[in-house]
file input-v4.pdb (PDB, C-alpha atoms)
ATOM      1  CA  LYS A   1       7.419 -42.394   0.198
ATOM      2  CA  PRO A   2       6.425 -43.601  -3.271
ATOM      3  CA  ALA A   3       2.682 -44.203  -3.690
ATOM      4  CA  ALA A   4       3.084 -45.855  -7.101
ATOM      5  CA  ARG A   5       5.757 -46.447  -9.718
ATOM      6  CA  MET A   6       5.167 -46.058 -13.446
ATOM      7  CA  GLY A   7       8.341 -47.935 -14.416
ATOM      8  CA  SER A   8       9.334 -45.452 -17.124
ATOM      9  CA  LEU A   9      10.249 -41.831 -17.725
ATOM     10  CA  CYS A  10       7.156 -39.613 -17.455
ATOM     11  CA  ASN A  11       6.870 -36.065 -18.797
ATOM     12  CA  PHE A  12       3.813 -34.468 -17.160
ATOM     13  CA  LEU A  13       1.177 -34.538 -14.419
ATOM     14  CA  VAL A  14      -2.406 -33.454 -15.060
ATOM     15  CA  ALA A  15      -5.397 -33.646 -12.694
ATOM     16  CA  ALA A  16      -9.116 -34.031 -13.386
ATOM     17  CA  GLU A  17     -12.111 -35.313 -11.415
ATOM     18  CA  GLY A  18      -9.975 -35.955  -8.325
ATOM     19  CA  ARG A  19      -7.489 -38.098 -10.249
ATOM     20  CA  VAL A  20      -3.940 -37.467 -11.448
ATOM     21  CA  PHE A  21      -2.695 -38.716 -14.810
ATOM     22  CA  THR A  22       0.816 -39.036 -16.216
ATOM     23  CA  GLY A  23       2.643 -40.533 -19.170
ATOM     24  CA  GLY A  24       5.844 -40.462 -21.132
ATOM     25  CA  GLN A  25       8.299 -42.526 -23.115
ATOM     26  CA  LEU A  26       6.240 -45.726 -23.356
ATOM     27  CA  GLY A  27       3.252 -43.926 -24.865
ATOM     28  CA  GLN A  28       1.147 -45.177 -21.968
ATOM     29  CA  LEU A  29      -1.259 -42.946 -20.047
ATOM     30  CA  PHE A  30      -1.207 -43.893 -16.354
ATOM     31  CA  ASP A  31      -3.335 -43.305 -13.311
ATOM     32  CA  ALA A  32      -0.535 -41.710 -11.292
ATOM     33  CA  ASP A  33      -1.964 -42.848  -7.956
ATOM     34  CA  SER A  34      -2.131 -46.541  -8.836
ATOM     35  CA  GLY A  35       0.196 -47.005 -11.815
ATOM     36  CA  GLU A  36      -2.652 -48.521 -13.851
ATOM     37  CA  VAL A  37      -2.262 -48.176 -17.631
ATOM     38  CA  LEU A  38      -5.401 -46.454 -18.943
ATOM     39  CA  TYR A  39      -4.477 -45.987 -22.607
ATOM     40  CA  GLU A  40      -1.573 -46.770 -24.931
ATOM     41  CA  HIS A  41      -0.549 -44.595 -27.869
ATOM     42  CA  HIS A  42       1.835 -45.458 -30.700
ATOM     43  CA  SER A  43       4.341 -42.734 -29.687
ATOM     44  CA  PRO A  44       5.608 -41.180 -26.441
ATOM     45  CA  LEU A  45       3.419 -38.699 -24.551
ATOM     46  CA  ASN A  46       4.864 -35.296 -23.787
ATOM     47  CA  CYS A  47       2.401 -32.879 -22.123
ATOM     48  CA  GLY A  48      -1.172 -32.421 -20.939
ATOM     49  CA  THR A  49      -3.834 -29.959 -19.838
ATOM     50  CA  THR A  50      -7.408 -29.959 -18.524
ATOM     51  CA  PHE A  51     -10.427 -27.986 -19.694
ATOM     52  CA  LEU A  52     -14.232 -27.944 -19.585
ATOM     53  CA  ARG A  53     -16.330 -28.955 -22.595
ATOM     54  CA  LEU A  54     -20.132 -28.900 -22.357
ATOM     55  CA  GLY A  55     -19.698 -28.480 -18.614
ATOM     56  CA  LYS A  56     -17.634 -31.651 -18.232
ATOM     57  CA  PRO A  57     -13.911 -31.942 -17.426
ATOM     58  CA  HIS A  58     -11.688 -33.233 -20.235
ATOM     59  CA  ILE A  59      -7.953 -33.809 -20.544
ATOM     60  CA  ALA A  60      -5.826 -33.272 -23.648
ATOM     61  CA  ILE A  61      -2.504 -35.086 -24.073
ATOM     62  CA  GLY A  62       0.161 -34.125 -26.632
ATOM     63  CA  SER A  63       2.373 -36.755 -28.267
ATOM     64  CA  TYR A  64       5.789 -36.895 -29.920
ATOM     65  CA  THR A  65       4.163 -37.471 -33.318
ATOM     66  CA  GLY A  66       2.040 -34.321 -33.258
ATOM     67  CA  ASP A  67      -1.232 -35.910 -32.087
ATOM     68  CA  ILE A  68      -3.535 -34.420 -29.451
ATOM     69  CA  LEU A  69      -5.506 -37.106 -27.601
ATOM     70  CA  VAL A  70      -8.662 -35.877 -25.858
ATOM     71  CA  PHE A  71     -10.201 -37.921 -23.026
ATOM     72  CA  GLU A  72     -13.253 -37.575 -20.818
ATOM     73  CA  PRO A  73     -12.945 -39.092 -17.322
ATOM     74  CA  GLY A  74     -16.053 -41.103 -16.513
ATOM     75  CA  ALA A  75     -17.609 -43.049 -13.688
ATOM     76  CA  ALA A  76     -15.849 -45.884 -11.872
ATOM     77  CA  GLY A  77     -12.426 -44.781 -13.057
ATOM     78  CA  ALA A  78     -13.231 -45.042 -16.760
ATOM     79  CA  LEU A  79     -11.405 -42.840 -19.258
ATOM     80  CA  GLN A  80     -12.994 -42.422 -22.680
ATOM     81  CA  LEU A  81     -11.051 -41.289 -25.753
ATOM     82  CA  ILE A  82     -13.212 -38.584 -27.354
ATOM     83  CA  THR A  83     -11.097 -37.625 -30.349
ATOM     84  CA  GLU A  84      -7.557 -37.675 -31.736
ATOM     85  CA  LEU A  85      -6.391 -34.540 -33.525
ATOM     86  CA  LYS A  86      -3.498 -34.843 -35.968
ATOM     87  CA  VAL A  87      -1.995 -31.370 -35.762
ATOM     88  CA  TYR A  88       1.748 -31.526 -36.424
ATOM     89  CA  GLU A  89       4.459 -33.809 -37.778
ATOM     90  CA  ASN A  90       6.739 -33.138 -34.787
ATOM     91  CA  ALA A  91       6.439 -33.342 -31.012
ATOM     92  CA  ILE A  92       3.834 -31.278 -29.204
ATOM     93  CA  LYS A  93       5.750 -29.481 -26.457
ATOM     94  CA  GLY A  94       2.945 -27.680 -24.652
ATOM     95  CA  LEU A  95      -0.846 -27.532 -24.317
ATOM     96  CA  SER A  96      -3.124 -24.984 -22.669
ATOM     97  CA  SER A  97      -6.812 -24.042 -22.726
ATOM     98  CA  SER A  98      -8.843 -20.883 -22.212
ATOM     99  CA  ASP A  99     -12.466 -19.916 -22.867
ATOM    100  CA  GLY A 100     -13.244 -22.691 -25.325
ATOM    101  CA  LEU A 101      -9.894 -22.727 -27.110
ATOM    102  CA  LEU A 102      -7.157 -25.373 -26.990
ATOM    103  CA  PHE A 103      -3.703 -23.928 -27.693
ATOM    104  CA  SER A 104      -0.669 -26.015 -28.642
ATOM    105  CA  VAL A 105       3.008 -25.398 -29.394
ATOM    106  CA  CYS A 106       5.269 -27.705 -31.391
ATOM    107  CA  ALA A 107       8.975 -28.498 -31.616
ATOM    108  CA  SER A 108       8.734 -27.429 -35.266
ATOM    109  CA  THR A 109       8.201 -23.817 -33.963
ATOM    110  CA  ASP A 110       4.538 -23.919 -35.103
ATOM    111  CA  ILE A 111       1.516 -23.149 -32.909
ATOM    112  CA  ALA A 112      -2.224 -23.758 -33.337
ATOM    113  CA  TRP A 113      -5.612 -22.963 -31.813
ATOM    114  CA  HIS A 114      -8.538 -25.438 -31.848
ATOM    115  CA  ARG A 115     -12.145 -24.853 -30.799
ATOM    116  CA  VAL A 116     -13.139 -27.436 -28.186
ATOM    117  CA  ASP A 117     -16.842 -27.353 -29.126
ATOM    118  CA  ASP A 118     -16.252 -29.087 -32.467
ATOM    119  CA  TRP A 119     -12.435 -29.595 -32.546
ATOM    120  CA  SER A 120     -12.121 -27.337 -35.584
ATOM    121  CA  LEU A 121      -8.860 -25.555 -36.348
ATOM    122  CA  VAL A 122      -9.320 -21.859 -35.555
ATOM    123  CA  SER A 123      -5.861 -20.668 -36.568
ATOM    124  CA  ARG A 124      -2.335 -21.877 -37.142
ATOM    125  CA  ASN A 125       0.915 -19.925 -37.119
ATOM    126  CA  ASP A 126       3.899 -21.639 -38.717
ATOM    127  CA  GLN A 127       7.347 -20.627 -37.443
ATOM    128  CA  ALA A 128       5.801 -18.750 -34.541
ATOM    129  CA  HIS A 129       9.121 -18.969 -32.694
ATOM    130  CA  GLU A 130      12.563 -18.663 -34.234
ATOM    131  CA  ARG A 131      13.619 -21.934 -32.605
ATOM    132  CA  ILE A 132      11.858 -24.831 -30.827
ATOM    133  CA  ALA A 133       8.822 -23.785 -28.765
ATOM    134  CA  ASN A 134       8.994 -25.528 -25.385
ATOM    135  CA  ALA A 135       5.934 -24.576 -23.328
ATOM    136  CA  CYS A 136       2.805 -22.455 -23.080
ATOM    137  CA  CYS A 137       0.097 -21.343 -20.656
ATOM    138  CA  SER A 138      -3.206 -19.492 -20.681
ATOM    139  CA  ILE A 139      -3.323 -15.909 -19.439
ATOM    140  CA  GLY A 140      -7.103 -15.562 -19.774
ATOM    141  CA  ASN A 141      -9.576 -14.094 -22.272
ATOM    142  CA  GLN A 142      -8.439 -16.472 -25.018
ATOM    143  CA  GLN A 143      -4.878 -15.216 -24.703
ATOM    144  CA  PHE A 144      -1.843 -17.464 -24.364
ATOM    145  CA  ALA A 145       1.870 -17.141 -23.642
ATOM    146  CA  SER A 146       4.643 -19.288 -25.105
ATOM    147  CA  VAL A 147       8.385 -19.665 -24.570
ATOM    148  CA  GLY A 148      11.137 -21.611 -26.264
ATOM    149  CA  ARG A 149      14.712 -22.060 -27.305
ATOM    150  CA  ASP A 150      14.866 -18.579 -28.854
ATOM    151  CA  ARG A 151      14.717 -17.180 -25.286
ATOM    152  CA  THR A 152      11.684 -15.004 -26.000
ATOM    153  CA  LEU A 153       8.275 -14.712 -24.388
ATOM    154  CA  ARG A 154       5.430 -14.394 -26.873
ATOM    155  CA  ILE A 155       1.903 -13.364 -25.921
ATOM    156  CA  TRP A 156      -0.805 -14.366 -28.387
ATOM    157  CA  GLY A 157      -4.205 -12.714 -28.583
ATOM    158  CA  ALA A 158      -6.445 -10.313 -30.470
ATOM    159  CA  GLY A 159      -4.884 -11.348 -33.762
ATOM    160  CA  LYS A 160      -1.378 -10.254 -32.893
ATOM    161  CA  ALA A 161       1.745 -11.378 -31.060
ATOM    162  CA  GLU A 162       3.673  -9.415 -28.459
ATOM    163  CA  VAL A 163       7.347 -10.400 -28.274
ATOM    164  CA  TYR A 164       9.518  -9.851 -25.202
ATOM    165  CA  THR A 165      13.179 -10.878 -25.118
ATOM    166  CA  SER A 166      13.794 -12.704 -21.848
ATOM    167  CA  PRO A 167      16.764 -12.177 -19.502
ATOM    168  CA  HIS A 168      17.496 -15.925 -19.569
ATOM    169  CA  PRO A 169      20.964 -16.794 -20.921
ATOM    170  CA  ASN A 170      19.756 -20.292 -21.890
ATOM    171  CA  SER A 171      16.803 -21.916 -23.641
ATOM    172  CA  VAL A 172      13.531 -21.328 -21.767
ATOM    173  CA  ARG A 173      12.066 -24.682 -20.755
ATOM    174  CA  CYS A 174       8.789 -23.913 -18.937
ATOM    175  CA  ILE A 175       6.256 -21.279 -17.926
ATOM    176  CA  GLY A 176       3.537 -20.810 -15.308
ATOM    177  CA  VAL A 177       0.976 -18.149 -14.413
ATOM    178  CA  ASN A 178      -0.478 -17.089 -11.064
ATOM    179  CA  ALA A 179      -4.190 -17.369 -10.239
ATOM    180  CA  ASP A 180      -4.806 -13.640 -10.811
ATOM    181  CA  GLN A 181      -3.102 -13.891 -14.215
ATOM    182  CA  THR A 182      -0.950 -10.894 -13.360
ATOM    183  CA  ALA A 183       2.458 -12.597 -13.340
ATOM    184  CA  LEU A 184       4.297 -15.253 -15.321
ATOM    185  CA  LEU A 185       7.270 -17.249 -14.088
ATOM    186  CA  THR A 186       9.606 -18.761 -16.675
ATOM    187  CA  GLY A 187      12.374 -21.319 -16.108
ATOM    188  CA  SER A 188      15.424 -22.164 -18.197
ATOM    189  CA  TYR A 189      17.668 -25.146 -18.814
ATOM    190  CA  GLY A 190      20.409 -23.115 -17.102
ATOM    191  CA  GLY A 191      18.564 -22.995 -13.754
ATOM    192  CA  THR A 192      17.381 -19.378 -13.984
ATOM    193  CA  LEU A 193      13.884 -18.176 -13.062
ATOM    194  CA  ALA A 194      12.548 -14.911 -14.514
ATOM    195  CA  MET A 195       9.237 -13.269 -13.598
ATOM    196  CA  PHE A 196       7.177 -11.198 -16.022
ATOM    197  CA  ASP A 197       4.593  -8.609 -14.940
ATOM    198  CA  LEU A 198       1.549  -9.071 -17.178
ATOM    199  CA  ILE A 199       0.013  -5.750 -16.092
ATOM    200  CA  HIS A 200       2.991  -3.566 -16.991
ATOM    201  CA  ARG A 201       4.377  -5.957 -19.622
ATOM    202  CA  SER A 202       7.906  -6.021 -18.208
ATOM    203  CA  TRP A 203      10.419  -8.432 -16.668
ATOM    204  CA  ILE A 204      10.695  -7.774 -12.941
ATOM    205  CA  SER A 205      13.094 -10.388 -11.524
ATOM    206  CA  LEU A 206      15.799 -12.892 -12.403
ATOM    207  CA  GLU A 207      17.347 -15.445 -10.060
ATOM    208  CA  ARG A 208      19.282 -18.666 -10.334
ATOM    209  CA  PRO A 209      18.430 -21.036  -7.465
ATOM    210  CA  THR A 210      20.204 -24.003  -9.086
ATOM    211  CA  THR A 211      22.816 -24.824 -11.688
ATOM    212  CA  SER A 212      20.527 -27.586 -12.958
ATOM    213  CA  GLY A 213      17.686 -26.867 -15.352
ATOM    214  CA  ILE A 214      14.139 -25.940 -14.336
ATOM    215  CA  SER A 215      11.828 -28.678 -15.597
ATOM    216  CA  SER A 216       8.334 -27.374 -14.791
ATOM    217  CA  ILE A 217       6.463 -24.602 -13.000
ATOM    218  CA  ALA A 218       3.118 -24.704 -11.177
ATOM    219  CA  TRP A 219       1.090 -22.223  -9.105
ATOM    220  CA  ASP A 220       0.449 -23.080  -5.449
ATOM    221  CA  GLY A 221      -2.850 -21.303  -4.809
ATOM    222  CA  ALA A 222      -3.055 -22.164  -1.111
ATOM    223  CA  ARG A 223       0.235 -20.392  -0.339
ATOM    224  CA  ARG A 224       0.170 -17.945  -3.262
ATOM    225  CA  ARG A 225       3.537 -18.847  -4.682
ATOM    226  CA  PHE A 226       5.092 -20.525  -7.675
ATOM    227  CA  LEU A 227       6.689 -23.957  -7.373
ATOM    228  CA  ALA A 228       9.571 -24.612  -9.756
ATOM    229  CA  ALA A 229      10.774 -28.192 -10.133
ATOM    230  CA  SER A 230      14.394 -28.791 -11.118
ATOM    231  CA  TYR A 231      16.385 -31.578 -12.699
ATOM    232  CA  ASP A 232      18.408 -31.619  -9.461
ATOM    233  CA  GLY A 233      15.366 -33.179  -7.713
ATOM    234  CA  SER A 234      14.409 -30.081  -5.732
ATOM    235  CA  ILE A 235      11.338 -27.847  -5.801
ATOM    236  CA  TYR A 236      12.019 -24.121  -5.431
ATOM    237  CA  LYS A 237       9.416 -21.785  -3.927
ATOM    238  CA  VAL A 238       8.988 -18.361  -5.562
ATOM    239  CA  PRO A 239       6.537 -15.778  -4.136
ATOM    240  CA  ALA A 240       4.522 -13.935  -6.795
TER     241      ALA A 240
END
call {"tool": "encode", "arguments": {"input": "input-v4.pdb", "output": "structure tokens"}}
result
Amino acid sequence: KPAARMGSLCNFLVAAEGRVFTGGQLGQLFDADSGEVLYEHHSPLNCGTTFLRLGKPHIAIGSYTGDILVFEPGAAGALQLITELKVYENAIKGLSSSDGLLFSVCASTDIAWHRVDDWSLVSRNDQAHERIANACCSIGNQQFASVGRDRTLRIWGAGKAEVYTSPHPNSVRCIGVNADQTALLTGSYGGTLAMFDLIHRSWISLERPTTSGISSIAWDGARRRFLAASYDGSIYKVPA
């Protein structure tokens, strides 16, 4: 049963301090449990992530106009905008954080790393993917993984990129990692799910549970499995 309705298309869910936030086409950031509008941006919101800065939880939201909005949840439901980073000219498609770094991927195929201590740009890689980059995740130790329309998995760290051609026949839409950071699950617009072994650096499975696209992937720590949401309205359970 619906707990709240946002009244518009939303693109992400992100949790911090016991609250869940969402946003999308209206450029409004919502409290997902109540539907309350907490902030309004001048362009649609596309993705989000959480991280710790100075021991306090923060959330970063990526917009269609290349801005990263950083908020700190406060007392009594307050949400304070800490900074707005103008990173790209195109839509930010994915955000992730690890060990003091904020990693972003853009529809322009560019990627960037920012230091959360002072928001400085650490590095930027233009044309990191051959086509649109769609999603990213942290794999620990300041390393990140990204996927996109070029159907490749790229692992970024230690000043180099590892490139692995995926078995997906269609554009790769999303990616998730397990709690041990030993396996990645990737989902495509064609409904396929492919798992990548981070220890042995190899693809280990490919399945197609739906003919609809896979929209997002999350790790269910309580049951030690991936959850893959689909455009058909279903959630598919994938053991790691």
call {"tool": "closest_residue", "arguments": {"input": "input-v4.pdb", "among": "A:Gly233, A:Gly77, A:Gly176, A:Gly140", "to": "Arg19 in chain A", "atoms": "all atoms listed in the file"}}
result
A:Gly77
call {"tool": "closest_residue", "arguments": {"input": "input-v4.pdb", "among": "A:Ala16, A:Ala78, A:Leu69, A:Val177", "to": "Ala240 in chain A", "atoms": "all atoms listed in the file"}}
result
A:Val177
call {"tool": "resolve_selection", "arguments": {"input": "input-v4.pdb", "expression": "the PyMOL selection byres ((chain A and resi 215) around 7)", "output": "ChimeraX atom specification"}}
result
/A:173-174,213-214,216,229-231
call {"tool": "closest_atom_pairs", "arguments": {"input": "input-v4.pdb", "of": "range 105-208 of chain A", "to": "range 48-67 of chain A", "cutoff": "10 Å", "atoms": "all atoms listed in the file", "output": "tab-separated table"}}
result
residue	atom	partner	partner_atom	distance
A:Val105	CA	A:Gly62	CA	9.6
A:Cys106	CA	A:Gly66	CA	7.6
A:Ala107	CA	A:Tyr64	CA	9.1
A:Ser108	CA	A:Gly66	CA	9.8
A:Val116	CA	A:Arg53	CA	6.6
A:Asp117	CA	A:Arg53	CA	6.7
A:Asp118	CA	A:Arg53	CA	9.9
A:Cys137	CA	A:Thr49	CA	9.5
call {"tool": "resolve_selection", "arguments": {"input": "input-v4.pdb", "expression": "the PyMOL selection byres ((chain A and resi 82-88) around 7)", "output": "VMD selection string"}}
result
chain A and resid 66 to 72 80 to 81 89 to 90
call {"tool": "closest_residue", "arguments": {"input": "input-v4.pdb", "among": "A:Pro2, A:Phe226, A:Arg151, A:Ser202", "to": "Tyr189 in chain A", "atoms": "all atoms listed in the file"}}
result
A:Arg151
call {"tool": "residues_near_point", "arguments": {"input": "input-v4.pdb", "point": "(0.5, -17.0, -17.4)", "cutoff": "10 Å", "atoms": "only C-alpha atoms", "output": "VMD selection string"}}
result
chain A and resid 136 to 140 143 to 146 155 175 to 186 196 to 198 219
call {"tool": "resolve_selection", "arguments": {"input": "input-v4.pdb", "expression": "the PyMOL selection byres ((chain A and resi 126) around 7)", "output": "ChimeraX atom specification"}}
result
/A:109-111,124-125,127-128
call {"tool": "write_last_selection", "arguments": {"input": "input-v4.pdb", "atoms": "C-alpha atoms", "output": "mmCIF file, in the coordinates of the input"}}
result
data_model
loop_
_atom_site.group_PDB
_atom_site.id
_atom_site.type_symbol
_atom_site.label_atom_id
_atom_site.label_comp_id
_atom_site.auth_asym_id
_atom_site.auth_seq_id
_atom_site.Cartn_x
_atom_site.Cartn_y
_atom_site.Cartn_z
ATOM 1 C CA THR A 109 8.201 -23.817 -33.963
ATOM 2 C CA ASP A 110 4.538 -23.919 -35.103
ATOM 3 C CA ILE A 111 1.516 -23.149 -32.909
ATOM 4 C CA ARG A 124 -2.335 -21.877 -37.142
ATOM 5 C CA ASN A 125 0.915 -19.925 -37.119
ATOM 6 C CA GLN A 127 7.347 -20.627 -37.443
ATOM 7 C CA ALA A 128 5.801 -18.750 -34.541
#
call {"tool": "closest_residue", "arguments": {"input": "input-v4.pdb", "among": "A:Ala3, A:Ala112, A:Ile235, A:Ala194", "to": "Pro169 in chain A", "atoms": "only C-alpha atoms"}}
result
A:Ala194
call {"tool": "atom_distance", "arguments": {"input": "input-v4.pdb", "atom1": "CA of Leu101 in chain A", "atom2": "CA of Arg115 in chain A"}}
result
4.8 Å
call {"tool": "closest_residue", "arguments": {"input": "input-v4.pdb", "among": "A:Val37, A:Ser96, A:Ser43, A:Thr210", "to": "Val14 in chain A", "atoms": "only C-alpha atoms"}}
result
A:Ser96
call {"tool": "atom_distance", "arguments": {"input": "input-v4.pdb", "atom1": "CA of Val147 in chain A", "atom2": "CA of Ala135 in chain A"}}
result
5.6 Å
call {"tool": "closest_residue", "arguments": {"input": "input-v4.pdb", "among": "A:Asn11, A:Ser166, A:Ser123, A:Gln25", "to": "Lys93 in chain A", "atoms": "all atoms listed in the file"}}
result
A:Asn11
call {"tool": "atom_distance", "arguments": {"input": "input-v4.pdb", "atom1": "CA of Ala91 in chain A", "atom2": "CA of Phe12 in chain A"}}
result
14.1 Å
call {"tool": "residues_near_point", "arguments": {"input": "input-v4.pdb", "point": "(-2.2, -43.1, -7.8)", "cutoff": "8 Å", "atoms": "all atoms listed in the file", "output": "ChimeraX atom specification"}}
result
/A:3-4,19-20,31-35
call {"tool": "build_atoms", "arguments": {"input": "input-v4.pdb", "residues": "range 32-41 of chain A", "atoms": "all heavy atoms", "output": "compact mmCIF listing (two decimals), in the frame of the given file"}}
result
# COMPACT_ATOMS: atom_id res chain seq x y z
N ALA A 32 -1.77 -41.93 -12.05
CA ALA A 32 -0.54 -41.71 -11.29
C ALA A 32 -0.62 -42.23 -9.87
O ALA A 32 0.41 -42.50 -9.24
CB ALA A 32 -0.18 -40.22 -11.29
N ASP A 33 -1.82 -42.38 -9.34
CA ASP A 33 -1.96 -42.85 -7.96
C ASP A 33 -1.84 -44.36 -7.83
O ASP A 33 -1.46 -44.88 -6.78
CB ASP A 33 -3.31 -42.41 -7.38
CG ASP A 33 -3.39 -40.91 -7.19
OD1 ASP A 33 -2.42 -40.33 -6.67
OD2 ASP A 33 -4.40 -40.30 -7.59
N SER A 34 -2.17 -45.08 -8.90
CA SER A 34 -2.13 -46.54 -8.84
C SER A 34 -1.11 -47.17 -9.77
O SER A 34 -0.73 -48.33 -9.58
CB SER A 34 -3.52 -47.10 -9.18
OG SER A 34 -3.84 -46.85 -10.55
N GLY A 35 -0.69 -46.43 -10.81
CA GLY A 35 0.20 -47.00 -11.82
C GLY A 35 -0.54 -47.77 -12.90
O GLY A 35 0.08 -48.32 -13.81
N GLU A 36 -1.87 -47.80 -12.84
CA GLU A 36 -2.65 -48.52 -13.85
C GLU A 36 -2.51 -47.87 -15.22
O GLU A 36 -2.59 -46.64 -15.35
CB GLU A 36 -4.12 -48.54 -13.44
CG GLU A 36 -5.04 -49.24 -14.44
CD GLU A 36 -6.51 -49.09 -14.12
OE1 GLU A 36 -6.83 -48.46 -13.09
OE2 GLU A 36 -7.34 -49.61 -14.89
N VAL A 37 -2.31 -48.68 -16.26
CA VAL A 37 -2.26 -48.18 -17.63
C VAL A 37 -3.69 -48.00 -18.13
O VAL A 37 -4.47 -48.95 -18.19
CB VAL A 37 -1.49 -49.14 -18.55
CG1 VAL A 37 -1.51 -48.62 -19.99
CG2 VAL A 37 -0.05 -49.30 -18.07
N LEU A 38 -4.04 -46.77 -18.52
CA LEU A 38 -5.40 -46.45 -18.94
C LEU A 38 -5.54 -46.39 -20.46
O LEU A 38 -6.63 -46.59 -20.99
CB LEU A 38 -5.82 -45.11 -18.34
CG LEU A 38 -5.74 -45.02 -16.82
CD1 LEU A 38 -6.01 -43.59 -16.37
CD2 LEU A 38 -6.73 -45.98 -16.18
N TYR A 39 -4.45 -46.09 -21.14
CA TYR A 39 -4.48 -45.99 -22.61
C TYR A 39 -3.05 -46.11 -23.11
O TYR A 39 -2.11 -45.73 -22.42
CB TYR A 39 -5.07 -44.64 -23.03
CG TYR A 39 -5.24 -44.48 -24.53
CD1 TYR A 39 -6.36 -44.99 -25.18
CD2 TYR A 39 -4.27 -43.83 -25.29
CE1 TYR A 39 -6.51 -44.85 -26.56
CE2 TYR A 39 -4.41 -43.70 -26.67
CZ TYR A 39 -5.53 -44.21 -27.29
OH TYR A 39 -5.68 -44.08 -28.65
N GLU A 40 -2.91 -46.64 -24.34
CA GLU A 40 -1.57 -46.77 -24.93
C GLU A 40 -1.58 -46.20 -26.34
O GLU A 40 -2.39 -46.60 -27.18
CB GLU A 40 -1.12 -48.23 -24.95
CG GLU A 40 0.34 -48.38 -25.36
CD GLU A 40 0.94 -49.71 -24.95
OE1 GLU A 40 0.25 -50.49 -24.26
OE2 GLU A 40 2.10 -49.98 -25.31
N HIS A 41 -0.68 -45.25 -26.57
CA HIS A 41 -0.55 -44.60 -27.87
C HIS A 41 0.66 -45.16 -28.60
O HIS A 41 1.52 -45.81 -28.00
CB HIS A 41 -0.40 -43.09 -27.66
CG HIS A 41 -0.58 -42.26 -28.90
ND1 HIS A 41 -1.67 -42.37 -29.71
CD2 HIS A 41 0.22 -41.31 -29.46
CE1 HIS A 41 -1.55 -41.53 -30.72
NE2 HIS A 41 -0.42 -40.87 -30.59
